[in-house]
Structure formats: structure tokens, C-alpha cells
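Reviewing the structure listed below.
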Amino acid sequence: LKSALNSARASALAFDPPKMMNQARALLFIAACLGMLLDTGSAALLGRSRKDPNCAMEQSALQLGRAPAASRGAACKECTKFRDGHKDSEHVQPNAPLCTKCYSMKSSCNAAQFAWACNDVNDIFKVFAKQGDEKLDEPKEMHAFKNKEPEACEK
């Protein structure tokens with residue numbers, strides 16, 4: 001009887017890698033399904049963000065509370081709100097020196113929405129033009145560059 005109990009205990013505590021791998025796969029599958037159910041908005045954009053690094057950057061900004069706006073005007077309002085932030089704060093420096101001018105541009109993830117930035121992402125093409133490089137002085141001439149059509153918020 002003792003030998004039967006000892007062999008049963010030994011088999012219960014036995015290291016069984018194939019069985020453990022199957023259990024781990026099942027847990028990962030369940031976790032992935034739950035993640036997709038709980039966060040379908042991000043999961044839908046995940047495929048696009050893997051293909052487009054700009055979309056991935058927008059997704060990380062989204063996690064910080066910077067979602068794309070429905071219009072250029074709304075994007076400009078968000079940028080202005082950021083720029084005017086912390087004017088009277090005691091322990092934090094104001095944002096105005098960090099963002100001297102606001103720009104709205106098409107979202108990298110959804111062309112019907114707009115993001116904002118404190119710089120013109122197409123400024124590099126002005127530099128190329130000054131250097132006399134006529135092959136790269138417009139956004140459409142650079143293969144991997146996606147023209148977001150930035151516009152200054154305040155004229």
C-alpha cells in the first residue's frame with residue numbers, strides 16, 4: 001500500500017514538459033481572447049500599427065490620453081490646451097517653451113481623423129530644397145514617407 005501511495009505521489013509531482021506546454025498554450029490563448037474582447041478598439045488597430053511605425057507611435061500617445069480628434073479645429077484646440085498648460089503651476093515648468101507653434105495633421109491610423117504636433121513634419125523637405133536636392137524636395141517623392149498634410153493652427 002505504501003509503495004502504491006509513493007508511486008502515485010511521484011507521478012503527480014512528476015515533471016511533464018509536453019503537458020506543461022499544452023497548459024501554457026491554453027492559458028496564452030485564453031489571455032489573448034480575453035484581451036481582444038476587453039479591448040477590441042486597440043486590437044483592431046494593432047494590425048495596422050505593426051505595419052506602420054507612425055501608427056504605432058499614435059497608439060502609444062493614445063494610451064497617454066492623446067486620441068486623434070475628429071477635425072483639424074479640435075486637434076488645434078487640444079494642442080493649444082497642451083501649450084497653455086502649467087502656466088501658473090508652482091512645481092512644474094510651463095509647456096509654452098516646449099510647443100511654440102501648433103500643427104494639425106491627418107492621423108497615421110485613420111485618415112478621417114486628425115492628430116496634433118508642435119512641429120511641421122514636412123519641414124525636412126524645405127531643408128532638402130535649400131540643399132538643391134530636387135529628387136526629395138516634396139513628400140510624394142520619398143517612397144516610405146506618408147504625407148500627413150500638416151497645417152499650422154494659427155496663421
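Within each chain, counting starts at residue 1; across the C-alpha cells, chains are named A, B, ... in the order shown, with ligands numbered 1 upward in that order.
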Contacts of range 94-103 of chain A within 7 Å, only C-alpha atoms, excl. fewer than 4 positions in-chain, as a count of residues only: 18
query: Expressed in Å to a single decimal, how great is the separation between CA of Ala111 in chain A and CA of Lys81 in chain A?
result: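 Separation between CA of Ala111 in chain A and CA of Lys81 in chain A: 23.0 Å.
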Neighbour list for Ala75 in chain A as a list of chain:residue names, cut-off 6 Å, only C-alpha atoms, skip fewer than 4 positions in-chain: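 Here the answer would be A:Ala69, A:Ser104, A:Ala115, A:Trp116.
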